[in-house]
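Reproduced below: final.csv, with CSV, C-alpha atoms.
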```csv
chain,number,residue,atom,x,y,z
T,297,ALA,CA,45.2,47.7,67.5
T,298,LYS,CA,48.6,48.7,69.1
T,299,GLN,CA,50.4,47.3,66.0
T,300,LYS,CA,48.3,49.6,63.8
T,301,TYR,CA,49.5,52.6,65.7
T,302,ILE,CA,53.1,51.5,65.5
T,303,ASP,CA,52.7,50.8,61.8
T,304,LEU,CA,51.2,54.2,61.1
T,305,PHE,CA,53.8,56.0,63.2
T,306,LEU,CA,56.5,54.2,61.1
T,307,LEU,CA,54.8,55.1,57.9
T,308,GLN,CA,54.7,58.7,58.9
T,309,PHE,CA,58.5,58.6,59.6
T,310,TYR,CA,59.2,56.7,56.3
T,311,PHE,CA,57.3,59.3,54.4
T,312,GLY,CA,59.5,62.2,55.6
T,313,GLY,CA,57.7,62.7,58.8
T,314,CYS,CA,54.4,63.3,57.0
T,315,ASP,CA,51.5,64.7,58.8
T,316,LEU,CA,48.9,62.1,59.9
T,317,ILE,CA,46.2,63.8,57.8
T,318,ASP,CA,48.3,63.2,54.6
T,319,LEU,CA,48.7,59.5,55.5
T,320,TYR,CA,45.0,59.1,56.5
T,321,TYR,CA,43.8,60.5,53.1
T,322,LEU,CA,46.4,58.8,50.9
T,323,LYS,CA,45.0,57.4,47.7
T,324,ASN,CA,46.1,54.4,45.7
T,325,LYS,CA,46.8,56.7,42.7
T,326,GLN,CA,49.4,58.5,44.7
T,327,LEU,CA,51.6,55.5,44.7
T,328,ARG,CA,53.3,55.3,41.3
T,329,ARG,CA,56.6,53.8,40.0
T,330,GLY,CA,57.7,53.0,43.5
T,331,ARG,CA,57.1,56.5,44.8
T,332,VAL,CA,54.6,58.3,46.9
T,333,LEU,CA,53.3,61.6,45.7
T,334,PHE,CA,51.1,64.0,47.6
T,335,GLU,CA,50.6,67.6,48.5
T,336,ARG,CA,50.9,68.6,52.2
T,337,ASN,CA,47.4,69.1,53.4
T,338,LYS,CA,48.5,71.1,56.5
T,339,THR,CA,50.1,74.0,54.8
T,340,ASN,CA,47.5,74.5,52.0
T,341,THR,CA,50.2,75.8,49.8
T,342,GLY,CA,50.4,72.9,47.4
T,343,THR,CA,53.8,71.9,48.6
T,344,ARG,CA,54.4,68.7,46.7
T,345,ILE,CA,56.1,65.7,48.3
T,346,ASP,CA,57.7,63.1,46.0
T,347,LEU,CA,59.5,60.3,47.9
T,348,LYS,CA,60.8,56.9,46.9
T,349,ILE,CA,59.0,54.2,48.9
T,350,HIS,CA,61.5,52.4,51.1
T,351,PRO,CA,61.0,48.6,51.3
T,352,LYS,CA,60.0,48.9,55.0
T,353,ALA,CA,57.3,51.4,54.0
T,354,GLN,CA,56.2,49.1,51.1
T,355,LYS,CA,55.7,46.2,53.5
T,356,LEU,CA,53.4,48.3,55.7
T,357,LEU,CA,51.5,49.6,52.7
T,358,ASP,CA,51.0,46.1,51.4
T,359,LYS,CA,49.6,45.1,54.8
T,360,TYR,CA,46.9,47.8,54.8
T,361,LYS,CA,46.3,48.7,51.2
T,362,THR,CA,42.7,48.2,50.0
T,363,GLU,CA,41.2,48.1,46.6
T,364,GLY,CA,39.5,51.2,45.4
T,365,GLU,CA,40.3,54.9,45.8
T,366,TRP,CA,41.9,55.0,49.3
T,367,ILE,CA,44.9,53.1,50.8
T,368,PHE,CA,43.3,52.8,54.2
T,369,PRO,CA,39.7,51.7,54.6
T,370,TRP,CA,38.7,54.2,57.2
T,371,LEU,CA,35.8,56.7,56.8
T,372,LYS,CA,36.9,59.9,55.1
T,373,GLU,CA,34.5,62.4,56.7
T,374,LYS,CA,36.1,65.2,58.8
T,375,GLU,CA,34.5,63.9,62.0
T,376,ALA,CA,35.8,60.4,61.3
T,377,TYR,CA,39.3,61.7,60.9
T,378,GLU,CA,39.2,63.8,64.1
T,379,THR,CA,38.0,60.7,66.0
T,380,PHE,CA,40.7,58.7,64.4
T,381,ARG,CA,43.4,61.3,65.3
T,382,ARG,CA,42.3,61.3,69.0
T,383,THR,CA,42.3,57.5,69.1
T,384,TYR,CA,45.7,57.4,67.4
T,385,GLN,CA,47.1,59.8,70.0
T,386,ARG,CA,45.8,57.6,72.9
T,387,GLY,CA,47.1,54.6,71.1
T,388,LEU,CA,50.6,56.0,70.8
T,389,ILE,CA,50.6,56.9,74.5
T,390,TYR,CA,49.5,53.3,75.3
T,391,VAL,CA,52.4,51.9,73.1
T,392,GLN,CA,54.8,54.3,74.7
T,393,GLU,CA,53.8,53.2,78.2
T,394,LEU,CA,53.7,49.5,77.2
T,395,TYR,CA,57.3,49.6,75.8
T,396,SER,CA,58.7,52.2,78.2
T,397,ILE,CA,59.6,54.6,75.3
T,398,GLU,CA,61.1,57.8,76.3
T,399,VAL,CA,60.7,60.8,74.0
T,400,LEU,CA,63.9,62.7,74.0
T,401,PRO,CA,65.2,65.2,74.9
T,402,ASP,CA,62.5,66.5,77.2
T,403,GLY,CA,60.2,63.6,77.8
T,404,GLY,CA,56.5,63.9,77.3
T,405,ASN,CA,54.0,61.8,75.3
T,406,MET,CA,54.4,60.3,71.9
T,407,GLY,CA,52.1,62.0,69.4
T,408,ALA,CA,51.4,62.3,65.7
T,409,LYS,CA,54.2,65.0,65.4
T,410,VAL,CA,56.9,62.9,67.0
T,411,ALA,CA,57.6,61.0,63.8
T,412,ARG,CA,58.1,64.3,62.0
T,413,HIS,CA,60.4,65.7,64.7
T,414,THR,CA,62.4,62.5,64.8
T,415,PHE,CA,62.9,62.5,61.1
T,416,ALA,CA,64.1,66.1,61.1
T,417,ASN,CA,66.5,65.5,64.1
T,418,ILE,CA,68.0,62.4,62.5
T,419,ALA,CA,68.6,64.3,59.3
T,420,LYS,CA,70.2,67.1,61.2
T,421,ARG,CA,72.5,64.7,63.1
T,422,LEU,CA,73.6,63.3,59.8
T,423,HIS,CA,74.6,66.8,58.8
T,424,MET,CA,72.3,66.9,55.8
T,425,ASP,CA,71.8,70.2,54.0
T,426,PRO,CA,68.8,72.0,55.4
T,427,ASP,CA,67.4,72.5,51.9
T,428,ILE,CA,67.2,68.8,51.2
T,429,ILE,CA,65.6,68.2,54.6
T,430,ARG,CA,63.0,70.9,53.7
T,431,GLU,CA,62.3,69.2,50.4
T,432,LEU,CA,61.9,65.7,52.0
T,433,MET,CA,59.5,67.1,54.7
T,434,GLY,CA,57.6,69.6,52.5
T,435,HIS,CA,58.6,72.6,54.5
T,436,GLU,CA,58.3,75.9,52.8
T,437,ARG,CA,61.4,77.8,52.1
T,438,ASP,CA,61.9,80.8,54.4
T,439,GLN,CA,64.4,83.0,52.7
T,440,VAL,CA,64.0,84.9,49.4
T,441,ASP,CA,67.1,83.5,47.8
T,442,ASN,CA,65.9,79.9,48.4
T,443,TYR,CA,63.0,80.5,46.0
T,444,TYR,CA,65.5,80.7,43.2
T,445,LYS,CA,67.2,77.4,44.0
T,446,ASP,CA,66.4,74.3,42.0
T,447,VAL,CA,65.0,71.2,43.7
T,448,TYR,CA,67.4,68.4,44.4
T,449,PRO,CA,67.5,65.7,41.8
T,450,GLU,CA,65.4,62.7,42.6
T,451,GLN,CA,68.4,60.4,43.1
T,452,GLU,CA,69.9,62.7,45.7
T,453,ARG,CA,66.5,63.0,47.6
T,454,ASP,CA,66.1,59.2,47.5
T,455,TYR,CA,69.6,58.7,48.9
T,456,ALA,CA,69.1,61.2,51.7
T,457,LEU,CA,65.7,59.7,52.6
T,458,PHE,CA,67.1,56.1,52.7
T,459,GLU,CA,70.1,57.4,54.8
T,460,ILE,CA,67.7,58.9,57.4
T,461,ILE,CA,65.5,55.7,57.5
T,462,SER,CA,68.5,53.4,57.9
T,463,SER,CA,69.7,55.5,60.8
T,464,PHE,CA,66.4,55.1,62.7
T,465,ILE,CA,66.7,52.4,65.3
T,466,CYS,CA,63.3,51.1,66.4
```
Will you turn the file into structure tokens for me?
Amino acid sequence: AKQKYIDLFLLQFYFGGCDLIDLYYLKNKQLRRGRVLFERNKTNTGTRIDLKIHPKAQKLLDKYKTEGEWIFPWLKEKEAYETFRRTYQRGLIYVQELYSIEVLPDGGNMGAKVARHTFANIAKRLHMDPDIIRELMGHERDQVDNYYKDVYPEQERDYALFEIISSFIC
């Protein structure tokens, strides 16, 4: 079971620090042409994520992918997800203790949001433009002038994503 928690954490990271709920409910039809496409569930704004699937992510998807509608074979009722999320949280803490993983800079426990924060922090350390980080992570734009900016071309987003992933040492 610990490997499943590690794999899911890595998939969250490889998918731009996606929220666990978006990974949990990922459908086979959302994987197309070597890309993963989904709308961020958490914001309920229809923020669309379109990411190239890194070979490391593809390896994990191949490991878990099932036939049918869903990538992962888990029950899809809300209660089942809530139970899974709690179990995942406990599993990440177990992995953290087992491998003596320190969450920087302030310590604390690994959790479902740590992959997202790690992704953002690595991007920032690489001096990536905040707009491209927002696009990769599905953050809403927070300034009026940003609404008039075009999205980054697919090739630039893919390059930035792969740079962040290649900078992650795990």
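For the atom pair formed by atom CA of Leu347 of chain T and atom CA of Val332 of chain T, the distance is 5.4 Å, given to one decimal.
Using all atoms listed in the file, the protein and nucleic acid residues lying no more than 8 Å from segment 375-383 of chain T, apart from those fewer than 5 places from it along its own chain, are Leu316, Ile317, Tyr320 and Trp370 of chain T.
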- So, counting all atoms listed in the file, which residue among T:Arg328, T:His413, T:His423, T:Lys300 is closest to Tyr360 of chain T? T:Lys300
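Separating atom CA of Ile460 of chain T from atom CA of Arg329 of chain T is a distance of 21.3 Å.
Each of T:Pro351, T:Gly387, T:Gly434, T:Gly330 was compared to Tyr301 of chain T using only C-alpha atoms, and T:Gly387 turns out to be the nearest.
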- Query: With distances taken over all atoms listed in the file, which of T:Asp425, T:Asp358, T:Glu335, T:Glu365 is nearest to Lys323 of chain T?
  - Reply: T:Glu365
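Interatomic distance, atom CA of Asp454 of chain T to atom CA of Ile349 of chain T: 8.8 Å.
For the set T:Gln385, T:Asn417, T:Asn337, T:Thr362, the residue with the smallest atom-to-atom gap to Ile302 of chain T is T:Gln385, counting all atoms listed in the file.
Using all atoms listed in the file for every distance, the candidate list T:His350, T:Arg386, T:Asn405, T:Val391 yields T:His350 as the residue closest to Ala456 of chain T.
Nearest to Phe309 of chain T of all the residues T:Tyr448, T:His435, T:Lys374, T:Ile418 is T:Ile418, based on only C-alpha atoms.
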- Any idea what's packed within 12 Å of Gly364 of chain T, counting all atoms listed in the file, ignoring anything in its chain fewer than 6 positions away? Could you give it as a ChimeraX atom specification? /T:322-325
